[in-house]
Amino acid sequence: MPDEEKDIDTAAPPPPDPAKSKKKTIILIVVLVIVGLALAAGISLFVVTKVMGDIPAGSEDEDSGPRYHDAGVFVKLGDPKEGILVNVGGPRSGKYLKASIIVEYNPGKKSVINEETHALQPDAEVKVNDVATQFLRSTSMEDFDADKQDEFKKQLKDALNAALGGGSVYDVYITSFLLQ
């Protein structure tokens, strides 16, 4: 028996097929490129939504409408020449406010803005003048302070949006303000 040769299969595995090896390499490269692109897209989405979204470009509330919008329709409150004139601080204060307040309306709100004339609809005009007069008359004297002007404009905008429907008013601008 020692003289017998044993048939032991100690041969090395067959050499890999070069075509299969090349095909696997190409598939691996394609998969890595796709994973890399997906990762880059995810990082870009995170940067745009989280980091860039925190840049203050004006306050955006649920009812204030989109941050970027079409050009609005500008309408002056009260008399076109004089603006709005109300007594403030209670009936016995003897204080009067004369202001030119311009409101930027959403042109897409057909119940508020007339498409052809770009003026307020008659029923919306009554609501706007009523809300503005009530708001100005009920505001305390301390709230007319220059330091509180941004908050004052935001509250007026919110009051107008509550009366006309959310998103009707884009912004409020005060072009002149006389309190005496």
# chains A, B, ... in the order shown; residues from 1 in each chain; ligands from 1

call {"tool": "residues_around", "arguments": {"residues": "segment 152-169 of chain A", "least_positions_apart": "3", "cutoff": "10 Å", "atoms": "only C-alpha atoms", "output": "PyMOL selection string"}}
result
chain A and resi 59+61-66+72-74+101+103-113+123-125+127-132+134-136+139+143-149+172-174

call {"tool": "write_last_selection", "arguments": {"atoms": "C-alpha atoms", "output": "JSON list (two decimals), in the first residue's frame"}}
result
[["chain", "number", "residue", "atom", "x", "y", "z"],
["A", 59, "SER", "CA", -41.30, 85.71, 9.51],
["A", 61, "ASP", "CA", -46.39, 81.80, 9.97],
["A", 62, "GLU", "CA", -49.08, 79.30, 9.13],
["A", 63, "ASP", "CA", -51.52, 82.04, 8.09],
["A", 64, "SER", "CA", -49.05, 84.47, 6.61],
["A", 65, "GLY", "CA", -48.76, 82.67, 3.30],
["A", 66, "PRO", "CA", -45.61, 81.63, 1.51],
["A", 72, "GLY", "CA", -49.35, 91.63, -4.39],
["A", 73, "VAL", "CA", -51.95, 94.32, -4.86],
["A", 74, "PHE", "CA", -51.23, 97.43, -2.76],
["A", 101, "ILE", "CA", -51.08, 102.34, 6.07],
["A", 103, "VAL", "CA", -51.73, 96.71, 2.80],
["A", 104, "GLU", "CA", -50.35, 94.21, 0.29],
["A", 105, "TYR", "CA", -53.09, 91.75, -0.66],
["A", 106, "ASN", "CA", -52.86, 88.35, -2.30],
["A", 107, "PRO", "CA", -54.08, 88.84, -5.90],
["A", 108, "GLY", "CA", -55.25, 85.22, -5.99],
["A", 109, "LYS", "CA", -57.98, 85.85, -3.42],
["A", 110, "LYS", "CA", -60.90, 86.71, -5.70],
["A", 111, "SER", "CA", -63.20, 87.31, -2.71],
["A", 112, "VAL", "CA", -60.89, 90.15, -1.62],
["A", 113, "ILE", "CA", -59.42, 91.66, -4.80],
["A", 123, "ASP", "CA", -67.59, 93.75, 1.13],
["A", 124, "ALA", "CA", -63.87, 93.18, 1.75],
["A", 125, "GLU", "CA", -63.29, 96.96, 1.90],
["A", 127, "LYS", "CA", -64.32, 94.47, 6.64],
["A", 128, "VAL", "CA", -60.81, 95.89, 6.22],
["A", 129, "ASN", "CA", -61.78, 99.40, 7.32],
["A", 130, "ASP", "CA", -63.74, 98.04, 10.29],
["A", 131, "VAL", "CA", -60.94, 95.73, 11.45],
["A", 132, "ALA", "CA", -58.27, 98.41, 11.00],
["A", 134, "GLN", "CA", -61.10, 98.66, 15.75],
["A", 135, "PHE", "CA", -57.51, 97.47, 15.92],
["A", 136, "LEU", "CA", -56.05, 100.98, 16.00],
["A", 139, "THR", "CA", -54.28, 99.50, 20.79],
["A", 143, "ASP", "CA", -47.94, 99.71, 21.68],
["A", 144, "PHE", "CA", -47.38, 102.65, 19.32],
["A", 145, "ASP", "CA", -43.73, 102.83, 20.44],
["A", 146, "ALA", "CA", -41.24, 102.73, 17.56],
["A", 147, "ASP", "CA", -39.51, 99.71, 19.10],
["A", 148, "LYS", "CA", -42.73, 97.72, 18.79],
["A", 149, "GLN", "CA", -43.53, 98.68, 15.19],
["A", 172, "VAL", "CA", -48.58, 95.77, 6.05],
["A", 173, "TYR", "CA", -46.53, 98.92, 5.37],
["A", 174, "ILE", "CA", -46.69, 102.14, 7.37]]

call {"tool": "residues_around", "arguments": {"residues": "segment 86-97 of chain A", "least_positions_apart": "2", "cutoff": "6 Å", "atoms": "only C-alpha atoms", "output": "VMD selection string"}}
result
chain A and resid 137 140 to 141 178 to 180

call {"tool": "write_last_selection", "arguments": {"atoms": "N, CA and C atoms", "output": "PDB file, in the first residue's frame"}}
result
ATOM      1  N   ARG A 137     -57.948 101.658  17.379  1.00  0.00           N
ATOM      2  CA  ARG A 137     -58.576 102.285  18.545  1.00  0.00           C
ATOM      3  C   ARG A 137     -58.344 101.476  19.814  1.00  0.00           C
ATOM      4  N   SER A 140     -53.160 100.066  22.860  1.00  0.00           N
ATOM      5  CA  SER A 140     -52.756 100.984  23.933  1.00  0.00           C
ATOM      6  C   SER A 140     -51.656 101.922  23.437  1.00  0.00           C
ATOM      7  N   MET A 141     -51.496 103.026  24.125  1.00  0.00           N
ATOM      8  CA  MET A 141     -50.500 104.037  23.729  1.00  0.00           C
ATOM      9  C   MET A 141     -49.082 103.459  23.724  1.00  0.00           C
ATOM     10  N   LEU A 178     -48.510 109.762  12.473  1.00  0.00           N
ATOM     11  CA  LEU A 178     -48.535 110.965  13.305  1.00  0.00           C
ATOM     12  C   LEU A 178     -49.453 110.708  14.482  1.00  0.00           C
ATOM     13  N   LEU A 179     -48.899 110.769  15.690  1.00  0.00           N
ATOM     14  CA  LEU A 179     -49.664 110.551  16.911  1.00  0.00           C
ATOM     15  C   LEU A 179     -49.569 111.815  17.737  1.00  0.00           C
ATOM     16  N   GLN A 180     -50.724 112.464  18.016  1.00  0.00           N
ATOM     17  CA  GLN A 180     -50.697 113.672  18.841  1.00  0.00           C
ATOM     18  C   GLN A 180     -51.927 113.741  19.702  1.00  0.00           C
TER      19      GLN A 180
END

call {"tool": "select_by_dssp", "arguments": {"residues": "segment 36-162 of chain A", "states": "alpha helix (DSSP H)", "output": "ChimeraX atom specification"}}
result
/A:36-46,122-138,149-162

call {"tool": "select_by_dssp", "arguments": {"residues": "chain A", "states": "strand (DSSP E or B)", "output": "ChimeraX atom specification"}}
result
/A:73-76,79,83-88,95-105,113,120,169-179

call {"tool": "write_last_selection", "arguments": {"atoms": "N, CA and C atoms", "output": "mmCIF file, in the first residue's frame"}}
result
data_model
loop_
_atom_site.group_PDB
_atom_site.id
_atom_site.type_symbol
_atom_site.label_atom_id
_atom_site.label_comp_id
_atom_site.auth_asym_id
_atom_site.auth_seq_id
_atom_site.Cartn_x
_atom_site.Cartn_y
_atom_site.Cartn_z
ATOM 1 N N VAL A 73 -51.213 93.115 -4.501
ATOM 2 C CA VAL A 73 -51.951 94.319 -4.863
ATOM 3 C C VAL A 73 -51.888 95.244 -3.655
ATOM 4 N N PHE A 74 -51.399 96.470 -3.852
ATOM 5 C CA PHE A 74 -51.228 97.426 -2.764
ATOM 6 C C PHE A 74 -52.430 98.362 -2.707
ATOM 7 N N VAL A 75 -53.041 98.437 -1.509
ATOM 8 C CA VAL A 75 -54.205 99.295 -1.310
ATOM 9 C C VAL A 75 -54.002 100.080 -0.020
ATOM 10 N N LYS A 76 -54.255 101.388 -0.091
ATOM 11 C CA LYS A 76 -54.107 102.263 1.071
ATOM 12 C C LYS A 76 -55.380 102.218 1.906
ATOM 13 N N ASP A 79 -58.930 107.032 3.651
ATOM 14 C CA ASP A 79 -59.024 107.994 2.557
ATOM 15 C C ASP A 79 -57.770 107.914 1.685
ATOM 16 N N GLY A 83 -55.313 109.095 4.321
ATOM 17 C CA GLY A 83 -54.996 107.894 5.084
ATOM 18 C C GLY A 83 -56.100 107.606 6.083
ATOM 19 N N ILE A 84 -55.721 107.191 7.264
ATOM 20 C CA ILE A 84 -56.694 106.822 8.284
ATOM 21 C C ILE A 84 -56.494 107.715 9.505
ATOM 22 N N LEU A 85 -57.605 108.170 10.092
ATOM 23 C CA LEU A 85 -57.574 109.068 11.247
ATOM 24 C C LEU A 85 -58.499 108.495 12.305
ATOM 25 N N VAL A 86 -57.941 108.154 13.478
ATOM 26 C CA VAL A 86 -58.734 107.593 14.579
ATOM 27 C C VAL A 86 -58.264 108.186 15.898
ATOM 28 N N ASN A 87 -59.187 108.190 16.875
ATOM 29 C CA ASN A 87 -58.769 108.562 18.220
ATOM 30 C C ASN A 87 -58.281 107.299 18.917
ATOM 31 N N VAL A 88 -57.200 107.426 19.661
ATOM 32 C CA VAL A 88 -56.588 106.277 20.323
ATOM 33 C C VAL A 88 -56.443 106.563 21.811
ATOM 34 N N LYS A 95 -56.093 111.867 22.252
ATOM 35 C CA LYS A 95 -54.991 111.513 21.344
ATOM 36 C C LYS A 95 -55.566 111.035 20.014
ATOM 37 N N TYR A 96 -54.931 111.462 18.949
ATOM 38 C CA TYR A 96 -55.362 111.074 17.608
ATOM 39 C C TYR A 96 -54.186 110.495 16.844
ATOM 40 N N LEU A 97 -54.510 109.528 16.010
ATOM 41 C CA LEU A 97 -53.514 108.903 15.147
ATOM 42 C C LEU A 97 -53.920 109.152 13.703
ATOM 43 N N LYS A 98 -52.994 109.724 12.960
ATOM 44 C CA LYS A 98 -53.175 109.895 11.523
ATOM 45 C C LYS A 98 -52.048 109.100 10.870
ATOM 46 N N ALA A 99 -52.430 108.110 10.090
ATOM 47 C CA ALA A 99 -51.417 107.226 9.514
ATOM 48 C C ALA A 99 -51.775 106.872 8.078
ATOM 49 N N SER A 100 -50.735 106.660 7.303
ATOM 50 C CA SER A 100 -50.892 106.101 5.961
ATOM 51 C C SER A 100 -50.429 104.658 6.058
ATOM 52 N N ILE A 101 -51.378 103.770 5.967
ATOM 53 C CA ILE A 101 -51.085 102.345 6.068
ATOM 54 C C ILE A 101 -51.467 101.705 4.737
ATOM 55 N N ILE A 102 -50.498 101.023 4.158
ATOM 56 C CA ILE A 102 -50.716 100.347 2.878
ATOM 57 C C ILE A 102 -50.652 98.849 3.131
ATOM 58 N N VAL A 103 -51.639 98.150 2.610
ATOM 59 C CA VAL A 103 -51.734 96.706 2.803
ATOM 60 C C VAL A 103 -51.487 96.020 1.463
ATOM 61 N N GLU A 104 -50.629 95.008 1.485
ATOM 62 C CA GLU A 104 -50.352 94.210 0.286
ATOM 63 C C GLU A 104 -51.220 92.955 0.334
ATOM 64 N N TYR A 105 -52.135 92.856 -0.617
ATOM 65 C CA TYR A 105 -53.087 91.747 -0.661
ATOM 66 C C TYR A 105 -52.657 90.690 -1.661
ATOM 67 N N ILE A 113 -59.911 90.749 -3.761
ATOM 68 C CA ILE A 113 -59.416 91.661 -4.798
ATOM 69 C C ILE A 113 -60.183 91.452 -6.104
ATOM 70 N N LEU A 120 -60.103 96.610 -3.861
ATOM 71 C CA LEU A 120 -60.797 95.724 -2.938
ATOM 72 C C LEU A 120 -62.244 95.516 -3.374
ATOM 73 N N VAL A 169 -53.673 88.643 3.202
ATOM 74 C CA VAL A 169 -52.782 89.794 3.355
ATOM 75 C C VAL A 169 -51.349 89.290 3.412
ATOM 76 N N TYR A 170 -50.519 89.799 2.500
ATOM 77 C CA TYR A 170 -49.104 89.443 2.505
ATOM 78 C C TYR A 170 -48.339 90.252 3.544
ATOM 79 N N ASP A 171 -48.548 91.565 3.553
ATOM 80 C CA ASP A 171 -47.774 92.413 4.459
ATOM 81 C C ASP A 171 -48.484 93.739 4.668
ATOM 82 N N VAL A 172 -48.039 94.457 5.708
ATOM 83 C CA VAL A 172 -48.576 95.773 6.047
ATOM 84 C C VAL A 172 -47.402 96.746 6.064
ATOM 85 N N TYR A 173 -47.579 97.898 5.430
ATOM 86 C CA TYR A 173 -46.534 98.919 5.370
ATOM 87 C C TYR A 173 -47.083 100.216 5.951
ATOM 88 N N ILE A 174 -46.305 100.851 6.796
ATOM 89 C CA ILE A 174 -46.694 102.138 7.370
ATOM 90 C C ILE A 174 -45.796 103.190 6.734
ATOM 91 N N THR A 175 -46.404 104.092 5.950
ATOM 92 C CA THR A 175 -45.609 105.088 5.232
ATOM 93 C C THR A 175 -45.586 106.435 5.936
ATOM 94 N N SER A 176 -46.577 106.719 6.764
ATOM 95 C CA SER A 176 -46.511 107.912 7.620
ATOM 96 C C SER A 176 -47.309 107.618 8.876
ATOM 97 N N PHE A 177 -46.893 108.274 9.965
ATOM 98 C CA PHE A 177 -47.464 107.957 11.268
ATOM 99 C C PHE A 177 -47.366 109.201 12.136
ATOM 100 N N LEU A 178 -48.510 109.762 12.473
ATOM 101 C CA LEU A 178 -48.535 110.965 13.305
ATOM 102 C C LEU A 178 -49.453 110.708 14.482
ATOM 103 N N LEU A 179 -48.899 110.769 15.690
ATOM 104 C CA LEU A 179 -49.664 110.551 16.911
ATOM 105 C C LEU A 179 -49.569 111.815 17.737
#

call {"tool": "decode", "arguments": {"residues": "segment 67-101 of chain A", "atoms": "N, CA and C atoms", "output": "PDB file, in the first residue's frame"}}
result
ATOM      1  N   ARG A  67     -43.356  82.316   1.977  1.00  0.00           N
ATOM      2  CA  ARG A  67     -42.294  83.293   2.179  1.00  0.00           C
ATOM      3  C   ARG A  67     -42.050  84.074   0.891  1.00  0.00           C
ATOM      4  N   TYR A  68     -42.046  83.391  -0.231  1.00  0.00           N
ATOM      5  CA  TYR A  68     -41.873  84.034  -1.523  1.00  0.00           C
ATOM      6  C   TYR A  68     -43.195  83.916  -2.262  1.00  0.00           C
ATOM      7  N   HIS A  69     -43.685  85.024  -2.793  1.00  0.00           N
ATOM      8  CA  HIS A  69     -45.001  85.020  -3.409  1.00  0.00           C
ATOM      9  C   HIS A  69     -45.019  85.946  -4.610  1.00  0.00           C
ATOM     10  N   ASP A  70     -46.095  85.847  -5.368  1.00  0.00           N
ATOM     11  CA  ASP A  70     -46.279  86.747  -6.504  1.00  0.00           C
ATOM     12  C   ASP A  70     -46.458  88.162  -5.993  1.00  0.00           C
ATOM     13  N   ALA A  71     -46.246  89.119  -6.875  1.00  0.00           N
ATOM     14  CA  ALA A  71     -46.438  90.518  -6.497  1.00  0.00           C
ATOM     15  C   ALA A  71     -47.875  90.713  -6.055  1.00  0.00           C
ATOM     16  N   GLY A  72     -48.024  91.399  -4.935  1.00  0.00           N
ATOM     17  CA  GLY A  72     -49.352  91.626  -4.393  1.00  0.00           C
ATOM     18  C   GLY A  72     -49.982  92.891  -4.947  1.00  0.00           C
ATOM     19  N   VAL A  73     -51.213  93.115  -4.501  1.00  0.00           N
ATOM     20  CA  VAL A  73     -51.951  94.319  -4.863  1.00  0.00           C
ATOM     21  C   VAL A  73     -51.888  95.244  -3.655  1.00  0.00           C
ATOM     22  N   PHE A  74     -51.399  96.470  -3.852  1.00  0.00           N
ATOM     23  CA  PHE A  74     -51.228  97.426  -2.764  1.00  0.00           C
ATOM     24  C   PHE A  74     -52.430  98.362  -2.707  1.00  0.00           C
ATOM     25  N   VAL A  75     -53.041  98.437  -1.509  1.00  0.00           N
ATOM     26  CA  VAL A  75     -54.205  99.295  -1.310  1.00  0.00           C
ATOM     27  C   VAL A  75     -54.002 100.080  -0.020  1.00  0.00           C
ATOM     28  N   LYS A  76     -54.255 101.388  -0.091  1.00  0.00           N
ATOM     29  CA  LYS A  76     -54.107 102.263   1.071  1.00  0.00           C
ATOM     30  C   LYS A  76     -55.380 102.218   1.906  1.00  0.00           C
ATOM     31  N   LEU A  77     -55.229 102.117   3.215  1.00  0.00           N
ATOM     32  CA  LEU A  77     -56.381 102.108   4.111  1.00  0.00           C
ATOM     33  C   LEU A  77     -56.938 103.514   4.271  1.00  0.00           C
ATOM     34  N   GLY A  78     -58.244 103.583   4.448  1.00  0.00           N
ATOM     35  CA  GLY A  78     -58.885 104.870   4.697  1.00  0.00           C
ATOM     36  C   GLY A  78     -58.979 105.714   3.444  1.00  0.00           C
ATOM     37  N   ASP A  79     -58.930 107.032   3.651  1.00  0.00           N
ATOM     38  CA  ASP A  79     -59.024 107.994   2.557  1.00  0.00           C
ATOM     39  C   ASP A  79     -57.770 107.914   1.685  1.00  0.00           C
ATOM     40  N   PRO A  80     -57.923 107.897   0.361  1.00  0.00           N
ATOM     41  CA  PRO A  80     -56.746 107.786  -0.510  1.00  0.00           C
ATOM     42  C   PRO A  80     -55.724 108.905  -0.319  1.00  0.00           C
ATOM     43  N   LYS A  81     -56.174 110.114   0.037  1.00  0.00           N
ATOM     44  CA  LYS A  81     -55.232 111.226   0.226  1.00  0.00           C
ATOM     45  C   LYS A  81     -54.775 111.347   1.676  1.00  0.00           C
ATOM     46  N   GLU A  82     -55.705 111.241   2.585  1.00  0.00           N
ATOM     47  CA  GLU A  82     -55.411 111.499   3.996  1.00  0.00           C
ATOM     48  C   GLU A  82     -54.952 110.268   4.767  1.00  0.00           C
ATOM     49  N   GLY A  83     -55.313 109.095   4.321  1.00  0.00           N
ATOM     50  CA  GLY A  83     -54.996 107.894   5.084  1.00  0.00           C
ATOM     51  C   GLY A  83     -56.100 107.606   6.083  1.00  0.00           C
ATOM     52  N   ILE A  84     -55.721 107.191   7.264  1.00  0.00           N
ATOM     53  CA  ILE A  84     -56.694 106.822   8.284  1.00  0.00           C
ATOM     54  C   ILE A  84     -56.494 107.715   9.505  1.00  0.00           C
ATOM     55  N   LEU A  85     -57.605 108.170  10.092  1.00  0.00           N
ATOM     56  CA  LEU A  85     -57.574 109.068  11.247  1.00  0.00           C
ATOM     57  C   LEU A  85     -58.499 108.495  12.305  1.00  0.00           C
ATOM     58  N   VAL A  86     -57.941 108.154  13.478  1.00  0.00           N
ATOM     59  CA  VAL A  86     -58.734 107.593  14.579  1.00  0.00           C
ATOM     60  C   VAL A  86     -58.264 108.186  15.898  1.00  0.00           C
ATOM     61  N   ASN A  87     -59.187 108.190  16.875  1.00  0.00           N
ATOM     62  CA  ASN A  87     -58.769 108.562  18.220  1.00  0.00           C
ATOM     63  C   ASN A  87     -58.281 107.299  18.917  1.00  0.00           C
ATOM     64  N   VAL A  88     -57.200 107.426  19.661  1.00  0.00           N
ATOM     65  CA  VAL A  88     -56.588 106.277  20.323  1.00  0.00           C
ATOM     66  C   VAL A  88     -56.443 106.563  21.811  1.00  0.00           C
ATOM     67  N   GLY A  89     -56.252 105.504  22.574  1.00  0.00           N
ATOM     68  CA  GLY A  89     -56.017 105.661  24.006  1.00  0.00           C
ATOM     69  C   GLY A  89     -57.282 105.904  24.804  1.00  0.00           C
ATOM     70  N   GLY A  90     -58.434 105.593  24.274  1.00  0.00           N
ATOM     71  CA  GLY A  90     -59.685 105.792  25.000  1.00  0.00           C
ATOM     72  C   GLY A  90     -60.341 107.096  24.611  1.00  0.00           C
ATOM     73  N   PRO A  91     -61.648 107.227  24.917  1.00  0.00           N
ATOM     74  CA  PRO A  91     -62.390 108.419  24.479  1.00  0.00           C
ATOM     75  C   PRO A  91     -61.955 109.710  25.174  1.00  0.00           C
ATOM     76  N   ARG A  92     -61.376 109.622  26.344  1.00  0.00           N
ATOM     77  CA  ARG A  92     -61.007 110.831  27.092  1.00  0.00           C
ATOM     78  C   ARG A  92     -59.529 111.190  26.964  1.00  0.00           C
ATOM     79  N   SER A  93     -58.799 110.457  26.186  1.00  0.00           N
ATOM     80  CA  SER A  93     -57.358 110.720  26.103  1.00  0.00           C
ATOM     81  C   SER A  93     -57.049 111.940  25.247  1.00  0.00           C
ATOM     82  N   GLY A  94     -57.889 112.231  24.282  1.00  0.00           N
ATOM     83  CA  GLY A  94     -57.636 113.365  23.397  1.00  0.00           C
ATOM     84  C   GLY A  94     -56.493 113.115  22.431  1.00  0.00           C
ATOM     85  N   LYS A  95     -56.093 111.867  22.252  1.00  0.00           N
ATOM     86  CA  LYS A  95     -54.991 111.513  21.344  1.00  0.00           C
ATOM     87  C   LYS A  95     -55.566 111.035  20.014  1.00  0.00           C
ATOM     88  N   TYR A  96     -54.931 111.462  18.949  1.00  0.00           N
ATOM     89  CA  TYR A  96     -55.362 111.074  17.608  1.00  0.00           C
ATOM     90  C   TYR A  96     -54.186 110.495  16.844  1.00  0.00           C
ATOM     91  N   LEU A  97     -54.510 109.528  16.010  1.00  0.00           N
ATOM     92  CA  LEU A  97     -53.514 108.903  15.147  1.00  0.00           C
ATOM     93  C   LEU A  97     -53.920 109.152  13.703  1.00  0.00           C
ATOM     94  N   LYS A  98     -52.994 109.724  12.960  1.00  0.00           N
ATOM     95  CA  LYS A  98     -53.175 109.895  11.523  1.00  0.00           C
ATOM     96  C   LYS A  98     -52.048 109.100  10.870  1.00  0.00           C
ATOM     97  N   ALA A  99     -52.430 108.110  10.090  1.00  0.00           N
ATOM     98  CA  ALA A  99     -51.417 107.226   9.514  1.00  0.00           C
ATOM     99  C   ALA A  99     -51.775 106.872   8.078  1.00  0.00           C
ATOM    100  N   SER A 100     -50.735 106.660   7.303  1.00  0.00           N
ATOM    101  CA  SER A 100     -50.892 106.101   5.961  1.00  0.00           C
ATOM    102  C   SER A 100     -50.429 104.658   6.058  1.00  0.00           C
ATOM    103  N   ILE A 101     -51.378 103.770   5.967  1.00  0.00           N
ATOM    104  CA  ILE A 101     -51.085 102.345   6.068  1.00  0.00           C
ATOM    105  C   ILE A 101     -51.467 101.705   4.737  1.00  0.00           C
TER     106      ILE A 101
END
